[in-house]
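Text of data-v4.tsv, listed as TSV, C-alpha atoms and all ligand atoms:
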chain	number	residue	atom	x	y	z
Y	23	MET	CA	10.04	3.09	-22.44
Y	24	THR	CA	10.73	5.12	-19.31
Y	25	ASP	CA	11.19	3.31	-15.98
Y	26	MET	CA	7.70	4.41	-15.02
Y	27	GLN	CA	6.18	2.98	-18.21
Y	28	THR	CA	8.05	-0.29	-17.69
Y	29	ARG	CA	6.75	-0.58	-14.13
Y	30	ALA	CA	3.19	0.28	-15.18
Y	31	ALA	CA	3.29	-2.26	-18.03
Y	32	HIS	CA	4.49	-4.97	-15.63
Y	33	TRP	CA	1.65	-4.44	-13.16
Y	34	ASP	CA	-0.99	-3.94	-15.84
Y	35	GLU	CA	0.06	-7.25	-17.39
Y	36	ARG	CA	-0.18	-9.06	-14.02
Y	37	TYR	CA	-3.68	-7.79	-13.32
Y	38	ARG	CA	-4.83	-8.44	-16.90
Y	39	THR	CA	-3.47	-11.96	-17.29
Y	40	VAL	CA	-3.93	-13.31	-13.75
Y	41	GLY	CA	-7.07	-11.41	-12.84
Y	42	ALA	CA	-7.60	-8.93	-10.01
Y	43	ASP	CA	-9.24	-11.62	-7.82
Y	44	ARG	CA	-6.58	-14.29	-8.55
Y	45	VAL	CA	-3.33	-12.39	-7.96
Y	46	SER	CA	-1.45	-13.80	-4.96
Y	47	TRP	CA	-2.02	-10.72	-2.79
Y	48	PHE	CA	-5.79	-10.66	-3.25
Y	49	GLU	CA	-7.95	-10.87	-0.14
Y	50	PRO	CA	-11.74	-10.69	-0.28
Y	51	GLU	CA	-11.97	-8.93	3.10
Y	52	PRO	CA	-9.21	-6.58	4.30
Y	53	HIS	CA	-9.63	-7.60	7.97
Y	54	GLN	CA	-6.05	-6.89	9.00
Y	55	SER	CA	-5.95	-3.44	7.39
Y	56	LEU	CA	-9.29	-2.47	8.93
Y	57	ALA	CA	-8.09	-3.60	12.38
Y	58	LEU	CA	-4.87	-1.60	12.01
Y	59	LEU	CA	-6.78	1.50	10.94
Y	60	GLN	CA	-8.91	1.13	14.04
Y	61	MET	CA	-5.80	0.62	16.16
Y	62	VAL	CA	-4.33	3.96	15.07
Y	63	GLY	CA	-7.62	5.67	15.90
Y	64	ALA	CA	-8.78	6.30	12.32
Y	65	GLY	CA	-12.48	6.88	11.74
Y	66	PRO	CA	-14.88	8.26	9.12
Y	67	SER	CA	-13.56	11.80	9.54
Y	68	SER	CA	-9.96	10.68	8.81
Y	69	SER	CA	-8.41	11.22	5.40
Y	70	VAL	CA	-6.77	8.01	4.16
Y	71	ILE	CA	-4.54	7.20	1.22
Y	72	ASP	CA	-3.97	3.59	0.19
Y	73	ILE	CA	-0.55	3.60	-1.47
Y	74	GLY	CA	-0.31	0.94	-4.17
Y	75	GLY	CA	-3.85	0.05	-3.25
Y	76	GLY	CA	-4.43	-1.64	-6.59
Y	77	ALA	CA	-7.71	-3.53	-6.76
Y	78	SER	CA	-7.89	-4.01	-2.98
Y	79	PRO	CA	-11.38	-3.96	-1.47
Y	80	LEU	CA	-10.10	-1.69	1.32
Y	81	ALA	CA	-11.24	1.62	-0.20
Y	82	GLY	CA	-14.75	0.27	-0.76
Y	83	CYS	CA	-14.94	-1.01	2.82
Y	84	LEU	CA	-13.89	2.39	4.16
Y	85	VAL	CA	-16.56	4.14	2.08
Y	86	GLU	CA	-19.11	1.63	3.42
Y	87	GLN	CA	-17.97	2.53	6.95
Y	88	GLY	CA	-18.66	6.20	6.24
Y	89	TYR	CA	-15.14	7.45	5.49
Y	90	ARG	CA	-15.52	10.59	3.38
Y	91	ASP	CA	-11.95	11.22	2.20
Y	92	VAL	CA	-10.41	8.06	0.76
Y	93	SER	CA	-7.74	8.06	-1.96
Y	94	VAL	CA	-6.16	5.14	-3.77
Y	95	LEU	CA	-2.87	5.56	-5.62
Y	96	ASP	CA	-1.57	2.92	-8.00
Y	97	ILE	CA	0.66	2.71	-11.05
Y	98	SER	CA	-1.66	0.22	-12.76
Y	99	GLN	CA	-4.73	1.51	-14.59
Y	100	GLU	CA	-5.91	-2.13	-14.90
Y	101	ALA	CA	-5.92	-2.40	-11.10
Y	102	LEU	CA	-7.71	0.91	-10.63
Y	103	ASP	CA	-10.32	-0.05	-13.23
Y	104	ALA	CA	-10.94	-3.37	-11.45
Y	105	ALA	CA	-11.23	-1.62	-8.08
Y	106	GLN	CA	-13.74	0.90	-9.43
Y	107	ALA	CA	-15.80	-1.75	-11.19
Y	108	ARG	CA	-16.36	-3.42	-7.82
Y	109	LEU	CA	-17.73	-0.38	-6.04
Y	110	HIS	CA	-21.32	0.79	-5.86
Y	111	ARG	CA	-20.09	4.38	-5.65
Y	112	PRO	CA	-16.65	4.58	-7.31
Y	113	GLY	CA	-16.98	8.38	-7.34
Y	114	ALA	CA	-16.75	8.34	-3.54
Y	115	VAL	CA	-13.02	7.52	-3.81
Y	116	THR	CA	-10.26	9.67	-5.29
Y	117	TRP	CA	-8.32	7.49	-7.76
Y	118	ILE	CA	-4.75	8.51	-8.50
Y	119	LYS	CA	-2.84	6.80	-11.27
Y	120	ALA	CA	0.79	7.57	-10.48
Y	121	ASP	CA	4.19	6.06	-9.85
Y	122	LEU	CA	4.89	6.59	-6.17
Y	123	LEU	CA	8.60	6.90	-6.98
Y	124	GLU	CA	7.95	10.05	-9.04
Y	125	TRP	CA	4.69	11.45	-7.70
Y	126	VAL	CA	4.57	14.83	-5.92
Y	127	PRO	CA	1.36	15.18	-3.90
Y	128	ASP	CA	-0.49	18.49	-3.69
Y	129	ARG	CA	-2.07	17.75	-0.32
Y	130	ARG	CA	-1.61	15.67	2.85
Y	131	TRP	CA	-3.53	12.79	4.43
Y	132	GLN	CA	-4.01	11.76	8.06
Y	133	VAL	CA	-3.47	8.05	7.39
Y	134	TRP	CA	-1.04	6.38	5.00
Y	135	HIS	CA	-1.77	2.70	4.30
Y	136	ASP	CA	0.58	0.45	2.36
Y	137	ARG	CA	-0.02	-3.28	2.14
Y	138	ALA	CA	2.60	-5.15	0.12
Y	139	VAL	CA	4.24	-2.31	-1.78
Y	140	PHE	CA	7.31	-1.18	0.20
Y	141	HIS	CA	8.91	-4.64	-0.01
Y	142	PHE	CA	9.29	-4.24	-3.80
Y	143	LEU	CA	11.70	-1.35	-3.25
Y	144	THR	CA	14.95	-3.29	-3.23
Y	145	GLU	CA	17.12	-0.31	-4.26
Y	146	GLU	CA	18.10	2.27	-1.64
Y	147	ARG	CA	17.30	5.16	-3.98
Y	148	ASP	CA	13.71	3.87	-4.31
Y	149	ARG	CA	13.31	3.51	-0.56
Y	150	ALA	CA	14.62	7.08	-0.22
Y	151	ALA	CA	11.96	8.26	-2.70
Y	152	TYR	CA	9.29	6.40	-0.69
Y	153	ARG	CA	10.44	8.03	2.56
Y	154	LEU	CA	10.40	11.48	0.94
Y	155	LEU	CA	6.88	10.91	-0.33
Y	156	LEU	CA	5.74	9.64	3.06
Y	157	HIS	CA	7.06	12.81	4.70
Y	158	ARG	CA	5.39	14.98	2.03
Y	159	ALA	CA	2.03	13.23	2.05
Y	160	LEU	CA	1.37	12.52	5.72
Y	161	GLU	CA	0.07	15.19	8.06
Y	162	PRO	CA	2.12	15.87	11.18
Y	163	GLY	CA	0.65	13.61	13.87
Y	164	GLY	CA	-0.78	11.32	11.17
Y	165	ALA	CA	-0.40	7.55	11.11
Y	166	ALA	CA	1.45	5.32	8.67
Y	167	ILE	CA	0.51	1.64	8.45
Y	168	ILE	CA	3.01	-0.36	6.42
Y	169	SER	CA	2.84	-4.12	5.79
Y	170	THR	CA	5.57	-6.05	4.00
Y	171	PHE	CA	6.67	-9.64	3.66
Y	172	GLY	CA	8.09	-10.89	6.94
Y	173	GLU	CA	11.52	-12.44	7.39
Y	174	ALA	CA	10.01	-15.87	6.67
Y	175	GLY	CA	7.95	-14.54	3.77
Y	176	PRO	CA	8.41	-15.15	0.03
Y	177	THR	CA	11.63	-14.04	-1.69
Y	178	SER	CA	9.80	-12.81	-4.78
Y	179	CYS	CA	6.32	-11.78	-5.81
Y	180	SER	CA	4.74	-11.14	-9.15
Y	181	GLY	CA	8.04	-12.08	-10.83
Y	182	LEU	CA	9.93	-9.37	-8.92
Y	183	PRO	CA	12.49	-9.65	-6.11
Y	184	VAL	CA	11.39	-8.37	-2.71
Y	185	ALA	CA	12.98	-7.36	0.58
Y	186	ARG	CA	11.79	-9.09	3.76
Y	187	TYR	CA	11.51	-7.31	7.07
Y	188	SER	CA	11.23	-7.89	10.79
Y	189	PRO	CA	9.29	-5.12	12.56
Y	190	ILE	CA	12.54	-3.66	13.94
Y	191	ARG	CA	14.15	-3.55	10.49
Y	192	LEU	CA	11.06	-2.05	8.91
Y	193	ILE	CA	10.86	0.69	11.57
Y	194	ALA	CA	14.57	1.41	11.08
Y	195	GLU	CA	14.13	1.55	7.30
Y	196	ILE	CA	11.37	4.15	7.54
Y	197	GLY	CA	13.76	6.17	9.64
Y	198	PRO	CA	13.52	9.26	11.84
Y	199	GLY	CA	10.48	11.48	12.16
Y	200	PHE	CA	8.13	8.71	13.29
Y	201	THR	CA	7.26	7.09	16.60
Y	202	PRO	CA	6.23	3.41	16.44
Y	203	VAL	CA	2.81	2.77	17.95
Y	204	GLY	CA	2.61	-0.94	17.22
Y	205	SER	CA	4.07	-3.76	15.16
Y	206	GLY	CA	3.62	-7.46	14.60
Y	207	GLY	CA	3.01	-10.14	12.04
Y	208	PHE	CA	0.13	-11.76	10.21
Y	209	ASP	CA	-0.46	-14.53	7.71
Y	210	HIS	CA	-1.94	-13.89	4.29
Y	211	VAL	CA	-3.53	-16.86	2.54
Y	212	THR	CA	-3.28	-16.52	-1.24
Y	213	PRO	CA	-6.16	-17.43	-3.59
Y	214	THR	CA	-4.33	-20.74	-4.29
Y	215	GLY	CA	-4.13	-21.53	-0.56
Y	216	LEU	CA	-0.48	-20.68	0.20
Y	217	THR	CA	0.31	-18.95	3.47
Y	218	GLN	CA	2.60	-15.91	3.33
Y	219	LYS	CA	4.21	-14.35	6.41
Y	220	PHE	CA	3.82	-10.59	6.71
Y	221	THR	CA	5.23	-7.94	9.05
Y	222	TRP	CA	3.27	-4.81	9.91
Y	223	VAL	CA	4.24	-1.58	11.62
Y	224	ALA	CA	2.15	1.41	12.64
Y	225	LEU	CA	3.98	4.71	13.08
Y	226	ARG	CA	2.91	8.14	14.20
Y	227	ALA	CA	4.47	11.10	12.35
Y	228	ASP	CA	6.20	13.32	14.88
Y	229	LEU	CA	4.79	16.82	15.39
Y	230	PRO	CA	7.16	19.65	14.35
K	1	LIG	C1	1.33	-6.72	-4.22
K	1	LIG	S1	0.27	-5.53	-4.88
K	1	LIG	C2	-0.65	-5.02	-3.45
K	1	LIG	C3	-1.94	-4.33	-3.83
K	1	LIG	C4	-2.80	-3.88	-2.64
K	1	LIG	N1	-2.06	-3.04	-1.74
K	1	LIG	C5	-3.38	-5.06	-1.93
K	1	LIG	O1	-3.02	-5.30	-0.80
K	1	LIG	O2	-4.24	-5.72	-2.53
K	1	LIG	C6	1.35	-4.17	-5.18
K	1	LIG	C7	0.64	-2.99	-5.79
K	1	LIG	O3	1.53	-1.90	-5.88
K	1	LIG	C8	1.38	-1.28	-7.12
K	1	LIG	N2	2.67	-0.63	-7.43
K	1	LIG	C9	3.86	-1.24	-7.60
K	1	LIG	N3	4.83	-0.35	-7.82
K	1	LIG	C10	4.23	0.87	-7.76
K	1	LIG	C11	4.72	2.21	-7.90
K	1	LIG	N4	6.02	2.44	-8.14
K	1	LIG	N5	3.84	3.21	-7.77
K	1	LIG	C12	2.53	2.98	-7.51
K	1	LIG	N6	2.02	1.73	-7.37
K	1	LIG	C13	2.86	0.70	-7.49
K	1	LIG	C14	1.01	-2.40	-8.08
K	1	LIG	O4	0.34	-1.97	-9.25
K	1	LIG	C15	0.13	-3.25	-7.19
K	1	LIG	O5	-1.23	-2.87	-7.28

How would this structure read if it were set down as C-alpha cells?
Ligand SMILES: C[S@@+](CC[C@H](N)C(=O)[O-])C[C@H]1O[C@@H](n2cnc3c(N)ncnc32)[C@H](O)[C@@H]1O
Amino acid sequence: MTDMQTRAAHWDERYRTVGADRVSWFEPEPHQSLALLQMVGAGPSSSVIDIGGGASPLAGCLVEQGYRDVSVLDISQEALDAAQARLHRPGAVTWIKADLLEWVPDRRWQVWHDRAVFHFLTEERDRAAYRLLLHRALEPGGAAIISTFGEAGPTSCSGLPVARYSPIRLIAEIGPGFTPVGSGGFDHVTPTGLTQKFTWVALRADLP
C-alpha cells in the first residue's frame, strides 16, 4: 500500500467501526466554526473549503445559511459518504476525496477551514506540505481558520500521535505570508462526555 492508501484505510476504518456520529471529534452543531467564519467576515458569497472536513455538519450548515461555494476535502470516502447522507442537498457541496499531503488544487478559495487536522501532522515534511497547499489554495487576502488540540489537549487521537499547540506556536508553525486576526481556545465535548482543549487561530493571507 502507498502512504496515501494506508492513511485512507486508517480513517475509513475509524468512521466505519466507530460511526460518524460517535467518533471523538463529532459535534452535532459546529457553533465554534460558524462563529469563527463570521469573525473573519465570511458570508454566503464567500468560497469556503473545509480541509479534512470528514462527516462534519459544517458544510450542511453553510449551505443552509445560503453559502453557494462550499467544498469539503477528506481522505476518507466513508466520511464523505456519511456527510452526504446527512444533507438534504448533497449536490450543493463540492466533495473532494484527496490526501491533503499530495493534492494539487486547480482553483483557490476565500476561506480555508481546518478543525482537528493539522495536529496530526507530526512530521516537519508533512507540515511543509500543508503550508504549501495552504498557500496554493487560499486567495490573497483570504482567511485561514485552523483549530488544533491545545497545549492541555489530548496526546493522541484516533490511535495516532498528535502535536499540541498554543496560539503563538500555531501561528509560528503556519509561518510567513499571513497576518493573525484572532486566536484563542475552546473546549470540545466528545460524544462520551470528555472535554478536550483546543486552540484556534484565524489568519489573513497577505496581499502580494
Ligand atoms: C479528527 S477528524 C476531524 C474531522 C472534521 N474536521 C470535524 O471537525 O468533524 C480528522 C479528519 O481529517 C481527515 N484526514 C486525516 N488525514 C488526512 C489527509 N492527509 N488528507 C485529507 N484528510 C485527512 C480524516 O479522514 C478525518 O475526517

Residues of chain Y that have any atom at most 8 Å from an atom of ligand LIG 1 (chain K): could you tabulate them with the shortest-distance atom pair and the distance in Å to one decimal, using only C-alpha atoms and all ligand atoms, ordered by chain and increasing number, as a tab-separated table?
residue	atom	partner	partner_atom	distance
Y:Met26	CA	K:LIG1	N4	7.4
Y:Arg29	CA	K:LIG1	N3	6.6
Y:Ala30	CA	K:LIG1	O4	7.0
Y:Trp33	CA	K:LIG1	O4	4.8
Y:Asp34	CA	K:LIG1	O4	7.0
Y:Ser46	CA	K:LIG1	C1	7.6
Y:Trp47	CA	K:LIG1	C1	5.4
Y:Phe48	CA	K:LIG1	O2	5.2
Y:Glu49	CA	K:LIG1	O2	6.8
Y:Asp72	CA	K:LIG1	N1	7.2
Y:Ile73	CA	K:LIG1	N6	6.7
Y:Gly74	CA	K:LIG1	O3	3.8
Y:Gly75	CA	K:LIG1	N1	3.9
Y:Gly76	CA	K:LIG1	O5	3.5
Y:Ala77	CA	K:LIG1	O2	5.9
Y:Ser78	CA	K:LIG1	O2	4.1
Y:Pro79	CA	K:LIG1	O2	7.4
Y:Leu95	CA	K:LIG1	C12	6.3
Y:Asp96	CA	K:LIG1	N6	3.8
Y:Ile97	CA	K:LIG1	C12	4.0
Y:Ser98	CA	K:LIG1	O4	4.6
Y:Ala101	CA	K:LIG1	O5	6.1
Y:Lys119	CA	K:LIG1	C12	7.6
Y:Ala120	CA	K:LIG1	C12	5.7
Y:Asp121	CA	K:LIG1	N5	3.5
Y:Leu122	CA	K:LIG1	N5	3.9
Y:Leu123	CA	K:LIG1	N4	5.3
Y:Glu124	CA	K:LIG1	N4	7.9
Y:Asp136	CA	K:LIG1	N1	6.0
Y:Arg137	CA	K:LIG1	N1	4.4
Y:Ala138	CA	K:LIG1	C1	4.8
Y:Val139	CA	K:LIG1	C6	4.8
Y:Phe142	CA	K:LIG1	N3	7.2
Y:Cys179	CA	K:LIG1	C1	7.3
Y:Ser180	CA	K:LIG1	C1	7.4

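Using all atoms listed in the file, the smallest distance between any of Y:Gln99, Y:Gln60, Y:Ser55, Y:Gln132 and Y:Tyr37 comes from Y:Gln99.
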
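Candidate residues Y:Ala81, Y:Leu109, Y:Val40, Y:Val126 were compared for distance to Y:Leu155, and the nearest is Y:Val126, using only C-alpha atoms.
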
Y:Arg44 environment, 10 Å, all atoms listed in the file, sequence neighbours closer than 5 positions dropped, as a PDB file with C-alpha atoms, in the frame of the given file:
ATOM      1  CA  ARG Y  36      -0.180  -9.060 -14.020  1.00  0.00           C
ATOM      2  CA  TYR Y  37      -3.680  -7.790 -13.320  1.00  0.00           C
ATOM      3  CA  THR Y  39      -3.470 -11.960 -17.290  1.00  0.00           C
ATOM      4  CA  GLU Y  49      -7.950 -10.870  -0.140  1.00  0.00           C
ATOM      5  CA  THR Y 212      -3.280 -16.520  -1.240  1.00  0.00           C
ATOM      6  CA  PRO Y 213      -6.160 -17.430  -3.590  1.00  0.00           C
ATOM      7  CA  THR Y 214      -4.330 -20.740  -4.290  1.00  0.00           C
TER       8      THR Y 214
END

**Report entry** Exercise: Y:Phe171 partners within 9 Å, all atoms listed in the file, chain neighbours under 6 positions left out, as a list in words
**Finding:** Ala138, His141, Thr177, Val184, Ala185, Arg186, Tyr187, Ser188, Gln218, Lys219, Phe220, Thr221 and Trp222 of chain Y

Requested in this report: Measure the distance from atom CA of Y:Arg149 to atom CA of Y:Glu195 in Å and round it to one decimal.
Outcome: 8.1 Å
